[in-house]
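**Student:** Next comes structure13.txt, compact mmCIF, C-alpha atoms and all ligand atoms:
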# COMPACT_ATOMS: atom_id res chain seq x y z
CA MET A 29 -0.61 -34.89 -79.76
CA LYS A 30 -2.84 -33.77 -76.91
CA ILE A 31 -1.44 -33.69 -73.37
CA VAL A 32 -3.01 -32.80 -70.06
CA THR A 33 -0.53 -31.22 -67.61
CA ILE A 34 -1.31 -31.48 -63.89
CA VAL A 35 -0.08 -28.73 -61.58
CA GLY A 36 -1.13 -27.91 -58.04
CA ALA A 37 1.75 -26.90 -55.78
CA ARG A 38 4.10 -23.94 -56.23
CA PRO A 39 7.16 -25.82 -57.57
CA GLN A 40 5.06 -27.61 -60.20
CA ILE A 41 3.62 -24.39 -61.52
CA ILE A 42 7.17 -23.06 -61.88
CA LYS A 43 8.37 -26.28 -63.59
CA ALA A 44 5.38 -26.21 -65.94
CA ALA A 45 6.51 -22.78 -67.17
CA ALA A 46 9.51 -24.36 -68.92
CA LEU A 47 7.54 -27.01 -70.82
CA SER A 48 4.64 -24.68 -71.71
CA ARG A 49 7.10 -22.12 -73.05
CA GLU A 50 8.87 -24.74 -75.15
CA ILE A 51 5.56 -26.01 -76.55
CA LYS A 52 4.38 -22.47 -77.34
CA ASN A 53 7.65 -21.43 -78.99
CA HIS A 54 8.66 -24.57 -80.90
CA PHE A 55 6.06 -27.35 -80.81
CA SER A 56 2.67 -25.59 -81.00
CA SER A 57 1.78 -27.26 -84.31
CA GLN A 58 2.46 -30.72 -82.85
CA ILE A 59 1.51 -30.57 -79.16
CA GLU A 60 -1.71 -29.23 -77.65
CA GLU A 61 -1.39 -28.70 -73.90
CA ILE A 62 -4.34 -28.51 -71.50
CA ILE A 63 -3.30 -27.35 -68.03
CA VAL A 64 -5.26 -28.64 -65.05
CA HIS A 65 -4.70 -27.00 -61.65
CA THR A 66 -5.73 -29.19 -58.74
CA GLY A 67 -5.98 -26.17 -56.43
CA GLN A 68 -3.59 -27.72 -53.88
CA HIS A 69 -1.99 -24.28 -53.53
CA TYR A 70 -4.40 -21.39 -53.85
CA ASP A 71 -3.05 -18.22 -52.17
CA GLU A 72 -2.22 -15.54 -54.72
CA ASN A 73 1.47 -15.66 -53.79
CA MET A 74 1.59 -19.49 -53.96
CA SER A 75 -0.12 -19.87 -57.35
CA GLU A 76 -1.52 -17.00 -59.44
CA VAL A 77 1.65 -14.90 -59.23
CA PHE A 78 3.59 -17.59 -61.11
CA PHE A 79 1.06 -17.91 -63.94
CA ARG A 80 1.18 -14.15 -64.41
CA GLU A 81 4.89 -13.54 -63.99
CA LEU A 82 6.14 -16.61 -65.88
CA GLN A 83 3.49 -16.28 -68.62
CA ILE A 84 2.06 -19.74 -68.15
CA PRO A 85 -1.20 -20.34 -70.04
CA ALA A 86 -4.20 -20.14 -67.70
CA PRO A 87 -5.43 -23.53 -66.49
CA ALA A 88 -8.41 -24.87 -68.45
CA VAL A 89 -9.76 -26.23 -65.17
CA ASN A 90 -9.07 -25.52 -61.50
CA LEU A 91 -10.36 -28.36 -59.35
CA GLY A 92 -10.16 -26.15 -56.25
CA VAL A 93 -9.44 -29.00 -53.83
CA GLY A 94 -7.63 -26.77 -51.31
CA SER A 95 -6.04 -28.03 -48.10
CA SER A 96 -7.05 -31.17 -46.21
CA ASP A 97 -5.59 -34.45 -44.95
CA HIS A 98 -3.55 -36.46 -47.46
CA GLY A 99 -6.19 -39.10 -48.19
CA GLU A 100 -9.05 -36.68 -48.60
CA GLN A 101 -7.03 -34.21 -50.67
CA THR A 102 -5.62 -36.89 -52.98
CA ALA A 103 -9.00 -38.58 -53.42
CA GLN A 104 -10.69 -35.31 -54.39
CA MET A 105 -7.93 -34.64 -56.90
CA MET A 106 -8.17 -38.13 -58.40
CA SER A 107 -11.90 -37.84 -58.81
CA GLY A 108 -11.61 -34.45 -60.53
CA ILE A 109 -8.69 -35.47 -62.73
CA GLU A 110 -10.44 -38.65 -63.86
CA LYS A 111 -13.43 -36.61 -65.06
CA VAL A 112 -11.18 -34.19 -66.96
CA LEU A 113 -9.26 -37.05 -68.59
CA LYS A 114 -12.46 -38.78 -69.69
CA GLN A 115 -13.70 -35.51 -71.15
CA HIS A 116 -10.53 -34.59 -73.06
CA LEU A 117 -9.16 -38.08 -73.83
CA PRO A 118 -5.54 -36.90 -74.08
CA ASP A 119 -2.71 -38.96 -75.59
CA ALA A 120 -0.78 -38.58 -72.33
CA ILE A 121 -0.76 -36.84 -68.96
CA VAL A 122 2.26 -34.90 -67.65
CA VAL A 123 2.99 -34.84 -63.92
CA TYR A 124 5.88 -33.11 -62.14
CA GLY A 125 7.82 -33.98 -59.02
CA ASP A 126 6.40 -35.57 -55.90
CA THR A 127 3.39 -33.82 -54.44
CA ASN A 128 -0.11 -35.14 -53.80
CA SER A 129 -1.11 -33.56 -57.14
CA THR A 130 1.57 -35.70 -58.84
CA LEU A 131 0.33 -38.85 -57.14
CA ALA A 132 -3.32 -38.14 -57.97
CA GLY A 133 -2.59 -37.42 -61.64
CA ALA A 134 -0.41 -40.48 -62.11
CA VAL A 135 -2.79 -42.95 -60.46
CA ALA A 136 -5.96 -41.53 -62.06
CA ALA A 137 -4.43 -41.67 -65.55
CA ALA A 138 -2.73 -45.07 -65.25
CA LYS A 139 -6.01 -46.69 -64.13
CA ILE A 140 -7.79 -45.57 -67.29
CA HIS A 141 -4.82 -46.45 -69.51
CA ILE A 142 -3.67 -42.94 -70.32
CA PRO A 143 0.15 -42.94 -70.53
CA VAL A 144 1.83 -41.01 -67.72
CA ILE A 145 4.85 -38.80 -68.40
CA HIS A 146 6.72 -38.16 -65.14
CA ILE A 147 9.10 -35.22 -65.15
CA GLU A 148 11.63 -35.28 -62.29
CA ALA A 149 11.42 -39.07 -62.09
CA GLY A 150 13.71 -41.38 -60.13
CA LEU A 151 14.55 -39.16 -57.17
CA ARG A 152 14.73 -40.98 -53.85
CA SER A 153 15.43 -39.84 -50.30
CA PHE A 154 15.20 -43.47 -49.06
CA ASN A 155 13.04 -42.12 -46.26
CA LYS A 156 9.53 -43.48 -46.66
CA ARG A 157 8.27 -41.39 -43.75
CA MET A 158 8.29 -38.46 -46.19
CA PRO A 159 4.94 -38.16 -47.99
CA GLU A 160 6.88 -37.11 -51.08
CA GLU A 161 8.85 -40.39 -51.14
CA ILE A 162 5.61 -42.40 -51.33
CA ASN A 163 4.30 -40.07 -54.03
CA ARG A 164 7.46 -40.39 -56.14
CA ILE A 165 7.64 -44.16 -55.96
CA VAL A 166 3.98 -44.61 -56.90
CA ALA A 167 4.14 -42.00 -59.67
CA ASP A 168 7.25 -43.60 -61.19
CA HIS A 169 5.67 -47.04 -61.18
CA CYS A 170 2.52 -45.68 -62.89
CA SER A 171 4.57 -44.02 -65.65
CA THR A 172 5.27 -44.87 -69.28
CA LEU A 173 7.90 -42.17 -69.92
CA LEU A 174 10.21 -41.20 -67.07
CA PHE A 175 12.42 -38.12 -67.40
CA CYS A 176 15.27 -38.07 -64.89
CA PRO A 177 17.10 -34.87 -63.96
CA THR A 178 20.28 -36.65 -62.81
CA LYS A 179 22.21 -39.87 -63.45
CA THR A 180 21.59 -40.83 -59.83
CA ALA A 181 17.85 -40.74 -60.55
CA VAL A 182 18.36 -43.15 -63.48
CA LYS A 183 20.33 -45.49 -61.22
CA ASN A 184 17.61 -45.35 -58.56
CA LEU A 185 15.05 -46.48 -61.14
CA GLU A 186 17.33 -49.27 -62.37
CA ALA A 187 17.60 -50.50 -58.79
CA GLU A 188 13.79 -50.79 -58.75
CA GLY A 189 13.70 -52.88 -61.94
CA PHE A 190 13.41 -50.20 -64.62
CA SER A 191 15.68 -50.43 -67.68
CA SER A 192 17.24 -47.40 -69.30
CA GLY A 193 18.43 -47.42 -72.90
CA LEU A 194 15.47 -49.45 -74.23
CA MET A 195 14.01 -48.73 -77.66
CA GLY A 196 10.29 -47.87 -77.97
CA PRO A 197 7.42 -48.40 -78.30
CA PHE A 198 6.93 -47.89 -74.58
CA SER A 199 4.05 -48.85 -72.33
CA LEU A 200 3.26 -49.09 -68.64
CA ASP A 201 4.74 -52.59 -68.71
CA LYS A 202 7.77 -51.46 -70.71
CA PRO A 203 8.48 -47.90 -69.59
CA GLY A 204 11.08 -45.62 -71.18
CA VAL A 205 13.66 -44.02 -68.88
CA PHE A 206 15.56 -40.92 -70.07
CA HIS A 207 18.24 -38.74 -68.51
CA CYS A 208 17.34 -35.22 -69.64
CA GLY A 209 18.81 -32.77 -67.12
CA ASP A 210 16.83 -30.57 -64.78
CA ILE A 211 13.89 -28.61 -66.13
CA MET A 212 14.34 -26.12 -63.27
CA PHE A 213 17.78 -25.32 -64.66
CA ASP A 214 16.00 -24.29 -67.91
CA ASN A 215 13.93 -21.87 -65.86
CA SER A 216 16.73 -20.43 -63.75
CA ASN A 217 18.70 -19.69 -66.92
CA TYR A 218 15.74 -18.28 -68.81
CA PHE A 219 14.32 -16.06 -66.08
CA SER A 220 17.60 -14.82 -64.63
CA ALA A 221 17.94 -11.81 -66.99
CA MET A 222 14.24 -10.98 -66.60
CA ALA A 223 14.65 -11.06 -62.80
CA GLU A 224 17.56 -8.60 -62.98
CA GLN A 225 15.35 -6.19 -64.93
CA GLN A 226 12.02 -6.57 -63.17
CA SER A 227 12.58 -7.56 -59.54
CA LYS A 228 12.79 -4.82 -56.92
CA ILE A 229 13.13 -7.16 -53.93
CA LEU A 230 16.73 -6.22 -53.09
CA GLN A 231 15.89 -2.51 -53.07
CA LEU A 232 12.67 -3.12 -51.11
CA HIS A 233 14.54 -4.79 -48.27
CA GLN A 234 17.72 -2.65 -48.47
CA LEU A 235 19.78 -5.66 -49.50
CA VAL A 236 21.85 -4.05 -52.26
CA GLY A 237 25.48 -4.32 -51.12
CA ASN A 238 24.32 -5.77 -47.79
CA PRO A 239 25.34 -9.44 -47.31
CA PHE A 240 22.42 -11.66 -46.36
CA VAL A 241 21.34 -15.25 -45.84
CA LEU A 242 18.23 -16.60 -47.61
CA ALA A 243 16.17 -19.11 -45.62
CA THR A 244 13.06 -21.18 -46.41
CA ILE A 245 11.28 -23.78 -44.22
CA HIS A 246 8.21 -25.81 -45.13
CA ARG A 247 8.76 -29.60 -44.78
CA ASN A 248 6.23 -31.19 -42.47
CA ASP A 249 9.05 -32.77 -40.42
CA ASN A 250 10.33 -29.25 -39.70
CA THR A 251 7.03 -27.43 -39.22
CA ASP A 252 4.76 -29.86 -37.43
CA LYS A 253 6.86 -30.56 -34.33
CA ARG A 254 7.14 -27.51 -32.14
CA GLU A 255 10.58 -28.38 -30.76
CA ARG A 256 12.06 -28.85 -34.24
CA LEU A 257 10.63 -25.60 -35.60
CA GLU A 258 11.89 -23.74 -32.52
CA THR A 259 15.35 -25.26 -32.98
CA ILE A 260 15.56 -24.13 -36.61
CA LEU A 261 14.32 -20.62 -35.84
CA GLU A 262 16.70 -20.27 -32.90
CA ALA A 263 19.61 -21.38 -35.09
CA ILE A 264 18.65 -18.83 -37.75
CA TYR A 265 18.52 -16.05 -35.16
CA ARG A 266 21.83 -17.17 -33.69
CA VAL A 267 23.55 -17.06 -37.09
CA SER A 268 22.18 -13.58 -37.76
CA LYS A 269 23.32 -12.26 -34.39
CA LYS A 270 26.74 -13.90 -34.23
CA MET A 271 27.70 -13.26 -37.86
CA GLU A 272 26.01 -9.82 -37.88
CA ILE A 273 24.21 -10.73 -41.06
CA THR A 274 20.66 -10.14 -42.29
CA VAL A 275 18.49 -13.22 -42.85
CA VAL A 276 15.56 -13.04 -45.28
CA LEU A 277 12.92 -15.70 -44.63
CA PRO A 278 10.04 -15.83 -47.16
CA LEU A 279 7.64 -17.86 -45.08
CA HIS A 280 5.55 -20.72 -46.50
CA PRO A 281 1.92 -20.54 -45.28
CA ARG A 282 2.28 -23.93 -43.59
CA THR A 283 5.13 -22.59 -41.43
CA GLN A 284 3.33 -19.30 -40.81
CA LYS A 285 0.31 -21.23 -39.58
CA MET A 286 2.35 -23.23 -37.05
CA MET A 287 4.31 -20.19 -35.87
CA THR A 288 1.04 -18.38 -35.24
CA GLU A 289 -0.53 -21.39 -33.51
CA TRP A 290 2.40 -21.70 -31.12
CA ASN A 291 2.95 -17.94 -30.87
CA LEU A 292 6.60 -18.47 -31.79
CA GLU A 293 7.19 -14.97 -33.12
CA ALA A 294 6.79 -13.64 -29.56
CA THR A 295 9.54 -15.92 -28.27
CA LEU A 296 12.19 -15.09 -30.87
CA PRO A 297 15.37 -13.59 -29.43
CA GLU A 298 16.22 -9.92 -29.92
CA GLY A 299 19.37 -8.48 -31.44
CA ALA A 300 19.17 -10.36 -34.72
CA ASP A 301 18.17 -9.02 -38.16
CA VAL A 302 15.76 -11.68 -39.42
CA ARG A 303 13.18 -10.44 -41.91
CA ILE A 304 10.18 -12.72 -42.09
CA VAL A 305 8.29 -11.87 -45.29
CA PRO A 306 5.40 -13.49 -47.19
CA PRO A 307 6.25 -15.94 -50.01
CA VAL A 308 7.90 -14.06 -52.87
CA SER A 309 7.51 -14.34 -56.65
CA PHE A 310 9.90 -16.49 -58.69
CA LEU A 311 11.73 -13.48 -60.15
CA ASP A 312 12.20 -12.09 -56.64
CA MET A 313 13.37 -15.50 -55.46
CA ILE A 314 15.97 -15.64 -58.23
CA MET A 315 17.35 -12.26 -57.15
CA LEU A 316 17.52 -13.39 -53.53
CA GLU A 317 19.29 -16.61 -54.55
CA LYS A 318 21.74 -14.84 -56.86
CA ASN A 319 22.74 -12.22 -54.31
CA CYS A 320 22.78 -14.02 -50.99
CA SER A 321 25.86 -15.39 -49.24
CA LEU A 322 24.23 -18.62 -48.06
CA VAL A 323 20.95 -20.52 -48.39
CA LEU A 324 19.38 -22.31 -45.41
CA THR A 325 16.56 -24.48 -46.71
CA ASP A 326 14.56 -27.68 -46.56
CA SER A 327 13.23 -27.10 -50.09
CA GLY A 328 14.23 -29.40 -52.92
CA GLY A 329 13.97 -26.65 -55.52
CA VAL A 330 15.72 -23.95 -53.50
CA GLN A 331 18.79 -26.09 -52.66
CA LYS A 332 19.23 -26.77 -56.37
CA GLU A 333 18.71 -23.18 -57.45
CA ALA A 334 21.32 -22.15 -54.86
CA PHE A 335 23.72 -24.52 -56.64
CA PHE A 336 22.76 -23.17 -60.11
CA PHE A 337 23.69 -19.68 -58.91
CA GLY A 338 26.93 -20.79 -57.24
CA LYS A 339 25.72 -20.40 -53.65
CA PRO A 340 26.34 -22.80 -50.76
CA SER A 341 23.40 -24.26 -48.91
CA LEU A 342 22.76 -25.81 -45.55
CA ILE A 343 19.97 -28.34 -46.08
CA LEU A 344 17.67 -28.48 -43.07
CA ARG A 345 16.94 -32.19 -43.42
CA PRO A 346 18.64 -35.49 -42.49
CA GLU A 347 19.02 -36.42 -46.17
CA THR A 348 18.54 -35.07 -49.69
CA GLU A 349 17.50 -36.52 -53.05
CA TRP A 350 19.98 -34.17 -54.72
CA VAL A 351 23.05 -36.07 -53.52
CA GLU A 352 25.28 -34.56 -56.22
CA ILE A 353 25.21 -31.23 -54.38
CA LEU A 354 26.56 -32.90 -51.25
CA GLU A 355 29.14 -34.88 -53.25
CA MET A 356 30.41 -31.59 -54.75
CA ARG A 357 30.67 -30.25 -51.17
CA ALA A 358 28.51 -27.30 -52.23
CA ALA A 359 26.04 -28.11 -49.45
CA ARG A 360 25.91 -29.72 -46.03
CA LEU A 361 23.13 -31.41 -44.11
CA GLY A 362 21.99 -29.60 -40.97
CA GLY A 363 21.78 -31.65 -37.77
CA ASN A 364 19.27 -31.74 -34.93
CA SER A 365 20.60 -29.12 -32.53
CA VAL A 366 20.79 -25.33 -32.62
CA GLU A 367 24.57 -25.61 -32.17
CA ASP A 368 24.96 -27.94 -35.15
CA ILE A 369 22.77 -25.93 -37.53
CA ALA A 370 24.23 -22.57 -36.54
CA GLY A 371 27.80 -23.94 -36.48
CA GLN A 372 27.53 -25.42 -39.96
CA ALA A 373 25.93 -22.25 -41.34
CA GLU A 374 28.79 -20.21 -39.88
CA ALA A 375 31.36 -22.57 -41.39
CA LEU A 376 29.75 -22.22 -44.82
CA LEU A 377 29.76 -18.43 -44.47
CA ASN A 378 33.39 -18.34 -43.35
CA TYR A 379 34.69 -20.93 -45.83
CA PRO A 380 32.32 -20.92 -48.81
CA PRO A 381 32.69 -23.75 -51.33
CA THR A 382 33.88 -22.74 -54.77
CA GLU A 383 33.03 -25.67 -57.08
CA PHE A 384 29.63 -25.58 -58.80
CA PRO A 385 30.12 -27.60 -62.01
CA PRO A 386 27.23 -27.82 -64.53
CA ILE A 387 25.85 -31.20 -63.49
CA PHE A 388 22.16 -30.48 -64.01
CA GLY A 389 22.10 -30.60 -67.81
CA ASP A 390 22.39 -28.00 -70.54
CA GLY A 391 19.29 -25.92 -69.78
CA HIS A 392 17.36 -27.57 -72.65
CA ALA A 393 15.53 -30.31 -70.76
CA ALA A 394 12.11 -29.10 -71.98
CA GLU A 395 13.18 -29.33 -75.62
CA PHE A 396 14.43 -32.89 -75.13
CA ILE A 397 11.18 -33.84 -73.37
CA CYS A 398 9.01 -32.44 -76.20
CA GLU A 399 11.04 -34.23 -78.87
CA THR A 400 10.98 -37.50 -76.94
CA ILE A 401 7.26 -37.53 -76.18
CA LEU A 402 6.46 -36.81 -79.83
CA LYS A 403 8.81 -39.59 -80.95
CA TYR A 404 7.16 -42.19 -78.74
CA ASN A 405 3.54 -41.05 -79.00
CA ASP A 406 1.89 -44.10 -80.55
CA ARG A 407 -1.72 -43.76 -79.51
C1 LIG B 501 3.35 -29.38 -50.68
C2 LIG B 501 3.97 -30.71 -51.08
C3 LIG B 501 5.47 -30.63 -50.89
C4 LIG B 501 6.06 -29.45 -51.62
C5 LIG B 501 5.33 -28.17 -51.22
C6 LIG B 501 5.82 -27.03 -52.06
C7 LIG B 501 2.58 -32.70 -50.68
C8 LIG B 501 2.35 -33.86 -49.81
N1 LIG B 501 3.47 -31.79 -50.24
O1 LIG B 501 3.59 -29.21 -49.30
O2 LIG B 501 6.07 -31.81 -51.42
O3 LIG B 501 7.42 -29.33 -51.29
O4 LIG B 501 3.93 -28.34 -51.44
O5 LIG B 501 5.53 -25.80 -51.49
O6 LIG B 501 1.98 -32.60 -51.72
N2 LIG B 501 -1.53 -23.42 -47.35
C9 LIG B 501 -2.07 -22.16 -47.46
N3 LIG B 501 -2.21 -21.62 -48.70
C10 LIG B 501 -1.87 -22.28 -49.85
C11 LIG B 501 -1.33 -23.56 -49.72
C12 LIG B 501 -1.16 -24.11 -48.47
O7 LIG B 501 -2.40 -21.53 -46.46
O8 LIG B 501 -2.01 -21.71 -50.95
C13 LIG B 501 -1.32 -23.99 -46.00
C14 LIG B 501 -2.54 -24.76 -45.48
O9 LIG B 501 -2.61 -24.54 -44.10
C15 LIG B 501 -2.17 -26.20 -45.75
C16 LIG B 501 -0.65 -26.18 -45.56
O10 LIG B 501 -0.23 -24.91 -46.05
O11 LIG B 501 -2.80 -27.08 -44.88
C17 LIG B 501 0.07 -27.28 -46.30
O12 LIG B 501 -0.25 -27.27 -47.70
P1 LIG B 501 -0.12 -28.61 -48.57
O13 LIG B 501 -0.34 -28.29 -49.99
O14 LIG B 501 -0.95 -29.69 -47.97
O15 LIG B 501 1.35 -29.07 -48.35
P2 LIG B 501 2.70 -28.23 -48.45
O16 LIG B 501 3.32 -28.21 -47.09
O17 LIG B 501 2.46 -26.95 -49.14
N1 LIG B 502 9.96 -20.15 -54.46
C1 LIG B 502 9.40 -18.92 -54.77
N2 LIG B 502 9.06 -18.09 -53.73
C2 LIG B 502 9.26 -18.41 -52.43
C3 LIG B 502 9.84 -19.67 -52.13
C4 LIG B 502 10.16 -20.53 -53.17
O1 LIG B 502 9.22 -18.59 -55.95
O2 LIG B 502 8.92 -17.61 -51.55
C5 LIG B 502 10.30 -21.06 -55.56
C6 LIG B 502 11.73 -21.51 -55.58
O3 LIG B 502 12.54 -20.58 -56.25
C7 LIG B 502 11.64 -22.86 -56.30
C8 LIG B 502 10.31 -23.37 -55.84
O4 LIG B 502 9.56 -22.25 -55.38
O5 LIG B 502 11.62 -22.70 -57.69
C9 LIG B 502 10.49 -24.37 -54.74
O6 LIG B 502 9.25 -24.66 -54.17
P1 LIG B 502 9.08 -25.17 -52.67
O7 LIG B 502 10.26 -24.81 -51.86
O8 LIG B 502 7.75 -24.69 -52.23
O9 LIG B 502 8.94 -26.75 -52.88
P2 LIG B 502 9.95 -27.96 -53.12
O10 LIG B 502 10.89 -27.60 -54.21
O11 LIG B 502 10.65 -28.23 -51.81
O12 LIG B 502 9.04 -29.09 -53.46
What does this structure look like when you write it as structure tokens?
Ligand code: UD1
Ligand code: UDP
**Tutor:**
Amino acid sequence: MKIVTIVGARPQIIKAAALSREIKNHFSSQIEEIIVHTGQHYDENMSEVFFRELQIPAPAVNLGVGSSDHGEQTAQMMSGIEKVLKQHLPDAIVVYGDTNSTLAGAVAAAKIHIPVIHIEAGLRSFNKRMPEEINRIVADHCSTLLFCPTKTAVKNLEAEGFSSGLMGPFSLDKPGVFHCGDIMFDNSNYFSAMAEQQSKILQLHQLVGNPFVLATIHRNDNTDKRERLETILEAIYRVSKKMEITVVLPLHPRTQKMMTEWNLEATLPEGADVRIVPPVSFLDMIMLEKNCSLVLTDSGGVQKEAFFFGKPSLILRPETEWVEILEMRAARLGGNSVEDIAGQAEALLNYPPTEFPPIFGDGHAAEFICETILKYNDR
């Protein structure tokens, strides 16, 4: 079976590591994988570092689309992906998550009748103002095999007319829906020991034995409105100062760009220990997640990894697709004001939750996905 895997943004490259590893180690005689990088993310620390560190096979093609408005970026990706698909004629295309690269891959393939395999299917924020929500819905409805990380994701698909529990053969008109656990849980388990051995991030920032908060910010709703970004940054500084705790903030280039444009770094209050650093590698990120006291984030992946490593998170958004984390009371949603965000962060630091049950699968999602796609490959 020949598959083309589409990656483009940081979290997809990381997710692809799990499936590529599984194919290489256990399915190499049955599955040939061709990786296509759209070029959505292109800085060394947003892309190349993950291929190198996580030993992902080099992409056969990099479309090099770079940054632009949604329509232009997605159109360029679709055009490039269509050419690659016509050249390689794969049995299926694999897309991950909810970015513009996911959308482009799913639509380009479905239109030329190449079955789409969507990994991380069925997630919904029920907020269609998020570009990711549009991307997810379209990708799911272009897919033939849908792999859901949670039972909630399966239920979301059922509410949109999909049926789970069907027998194959599957097609675009009769898609197969599977609950397989979270492929990112595979990765957190697998790379945790390697991170302990290889990462020097804690030593580099004098964090060994020093309690700290890990923060990430990159959602357009948080970065593109000056007042909102200022509120979040002020809350982070307030937490650091009041709780006398270090905050480590590996900054996404989108957020860096806006902070520079509005000269926000110059307006940040003194007396806090907030360390703004460039984006870090995945092994470094694992060490930060494993050793922090609290995660403040608007990232889908980071809130989940916090949960995998038994850490509370304050989600800097009005809602989350990962509702199980809220239901377990392992996370809270941050509000709109500095007082609310800082107050909730302080409450989580003072009274950390203790229940982190294994609700994201058994760490073998990639194996299940390989077995299932081989079983239902009927081209
Ligand atoms: C994208 C995804 C988002 C995902 C995130 C992961 C969409 C619509 N959004 O958001 O779902 O959570 O990736 O990180 O697909 N930039 C650089 N260097 C890079 C990449 C980006 O400087 O290597 C800057 C550019 O100024 C660019 C901006 O970041 O305009 C935004 O990048 P883009 O890929 O459009 O969206 P993300 O915010 O990264
Ligand atoms: N990540 C990383 N370095 C960083 C920030 C995040 O390796 O500096 C990893 C993180 O551990 C997770 C993934 O990137 O696996 C999440 O990506 P991101 O937050 O960019 O996107 P989202 O998950 O919100 O789509």
**Student:** Counting all atoms listed in the file, write as a list in words all protein and nucleic acid residues lying at most 6 Å from (-6.0, -26.9, -71.9) in the file's frame.
**Tutor:**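 It turns out the residues near that spot are Glu61, Ile62, Ile63 and Ala88 of chain A.
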**Student:** I want to know what sits within 9 Å of A:Ala138, based on all atoms listed in the file, with residues of the same chain fewer than 6 positions away left out; could you give that as number ranges by chain?
**Tutor:** A: 144, 170-172, 200
**Student:** Would you compute the box with edges along x, y and z of the file around stretch 294-309 of chain A, including every atom the file lists for it and 6 Å extra on each side, and give its centre and edge lengths in Å to one decimal, as JSON?
**Tutor:**
{"center_x": 12.4, "center_y": -12.2, "center_z": -42.5, "size_x": 26.0, "size_y": 19.5, "size_z": 40.4}
**Student:** List as a list in words the protein and nucleic acid residues near stretch 38-50 of chain A, meaning an atom at most 8 Å away when only C-alpha atoms are counted, but skip any in the same chain fewer than 2 places from it.
**Tutor:**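 Returned residues: Thr33, Val35, Gly36, Lys52, Asn53, His54, Phe55, Glu61, His69, Met74, Ser75, Phe78, Phe79, Leu82, Gln83, Ile84, Pro85, Tyr124, Gly125, Ile211, Met212, Asp214, Asn215, Phe310, Gly329, Ala394, Glu395 and Cys398 of chain A.
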**Student:** Rank A:Gln231, A:Thr178, A:Ser129, A:Ser191 by their smallest atom-to-atom distance to A:Gly94, using all atoms listed in the file, and report the top residue only.
**Tutor:**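 Closest residue, counting all atoms listed in the file: A:Ser129.
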**Student:** A:Pro177: which residues within 9 Å, counting only C-alpha atoms, same-chain residues fewer than 3 positions away excluded, as a list of chain:residue names?
**Tutor:** A:Ile147, A:Glu148, A:Ala149, A:Gly150, A:Leu151, A:Thr180, A:Ala181, A:Val182, A:Phe206, A:His207, A:Cys208, A:Gly209, A:Asp210, A:Ile211, A:Phe388, A:Gly389, A:Ala393
**Student:** Taking only C-alpha atoms and all ligand atoms into account, which residues are within 9 Å of ligand LIG 501 (chain B), as a short mmCIF file (atom, residue, chain, number, x, y, z; two decimals) with C-alpha atoms, in the coordinates of the input?
**Tutor:**
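Written file, out.cif:
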data_model
loop_
_atom_site.label_atom_id
_atom_site.label_comp_id
_atom_site.auth_asym_id
_atom_site.auth_seq_id
_atom_site.Cartn_x
_atom_site.Cartn_y
_atom_site.Cartn_z
CA GLY A 36 -1.13 -27.91 -58.04
CA ALA A 37 1.75 -26.90 -55.78
CA ARG A 38 4.10 -23.94 -56.23
CA PRO A 39 7.16 -25.82 -57.57
CA GLN A 40 5.06 -27.61 -60.20
CA GLY A 67 -5.98 -26.17 -56.43
CA GLN A 68 -3.59 -27.72 -53.88
CA HIS A 69 -1.99 -24.28 -53.53
CA TYR A 70 -4.40 -21.39 -53.85
CA ASP A 71 -3.05 -18.22 -52.17
CA GLU A 72 -2.22 -15.54 -54.72
CA ASN A 73 1.47 -15.66 -53.79
CA MET A 74 1.59 -19.49 -53.96
CA SER A 75 -0.12 -19.87 -57.35
CA GLY A 94 -7.63 -26.77 -51.31
CA SER A 95 -6.04 -28.03 -48.10
CA SER A 96 -7.05 -31.17 -46.21
CA ASP A 97 -5.59 -34.45 -44.95
CA HIS A 98 -3.55 -36.46 -47.46
CA GLN A 101 -7.03 -34.21 -50.67
CA THR A 102 -5.62 -36.89 -52.98
CA GLY A 125 7.82 -33.98 -59.02
CA ASP A 126 6.40 -35.57 -55.90
CA THR A 127 3.39 -33.82 -54.44
CA ASN A 128 -0.11 -35.14 -53.80
CA SER A 129 -1.11 -33.56 -57.14
CA THR A 130 1.57 -35.70 -58.84
CA LEU A 131 0.33 -38.85 -57.14
CA MET A 158 8.29 -38.46 -46.19
CA PRO A 159 4.94 -38.16 -47.99
CA GLU A 160 6.88 -37.11 -51.08
CA ASN A 163 4.30 -40.07 -54.03
CA HIS A 246 8.21 -25.81 -45.13
CA ARG A 247 8.76 -29.60 -44.78
CA ASN A 248 6.23 -31.19 -42.47
CA THR A 251 7.03 -27.43 -39.22
CA HIS A 280 5.55 -20.72 -46.50
CA PRO A 281 1.92 -20.54 -45.28
CA ARG A 282 2.28 -23.93 -43.59
CA THR A 283 5.13 -22.59 -41.43
CA GLN A 284 3.33 -19.30 -40.81
CA LYS A 285 0.31 -21.23 -39.58
CA MET A 286 2.35 -23.23 -37.05
CA ASP A 326 14.56 -27.68 -46.56
CA SER A 327 13.23 -27.10 -50.09
CA GLY A 328 14.23 -29.40 -52.92
CA GLY A 329 13.97 -26.65 -55.52
#
**Student:** What residues have an atom no more than 7 Å from (30.0, -31.2, -60.3) in the file's own frame, counting all atoms listed in the file, and can you write them as a list in words?
**Tutor:**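 All residues meeting the 7 Å criterion around (30.0, -31.2, -60.3) are Met356, Phe384, Pro385, Pro386 and Ile387 of chain A.
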**Student:** Would you write out those residues with C-alpha atoms, as a short mmCIF file (atom, residue, chain, number, x, y, z; two decimals), keeping the file's coordinate frame?
**Tutor:**
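Result file follows (part38.cif):
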data_model
loop_
_atom_site.label_atom_id
_atom_site.label_comp_id
_atom_site.auth_asym_id
_atom_site.auth_seq_id
_atom_site.Cartn_x
_atom_site.Cartn_y
_atom_site.Cartn_z
CA MET A 356 30.41 -31.59 -54.75
CA PHE A 384 29.63 -25.58 -58.80
CA PRO A 385 30.12 -27.60 -62.01
CA PRO A 386 27.23 -27.82 -64.53
CA ILE A 387 25.85 -31.20 -63.49
#
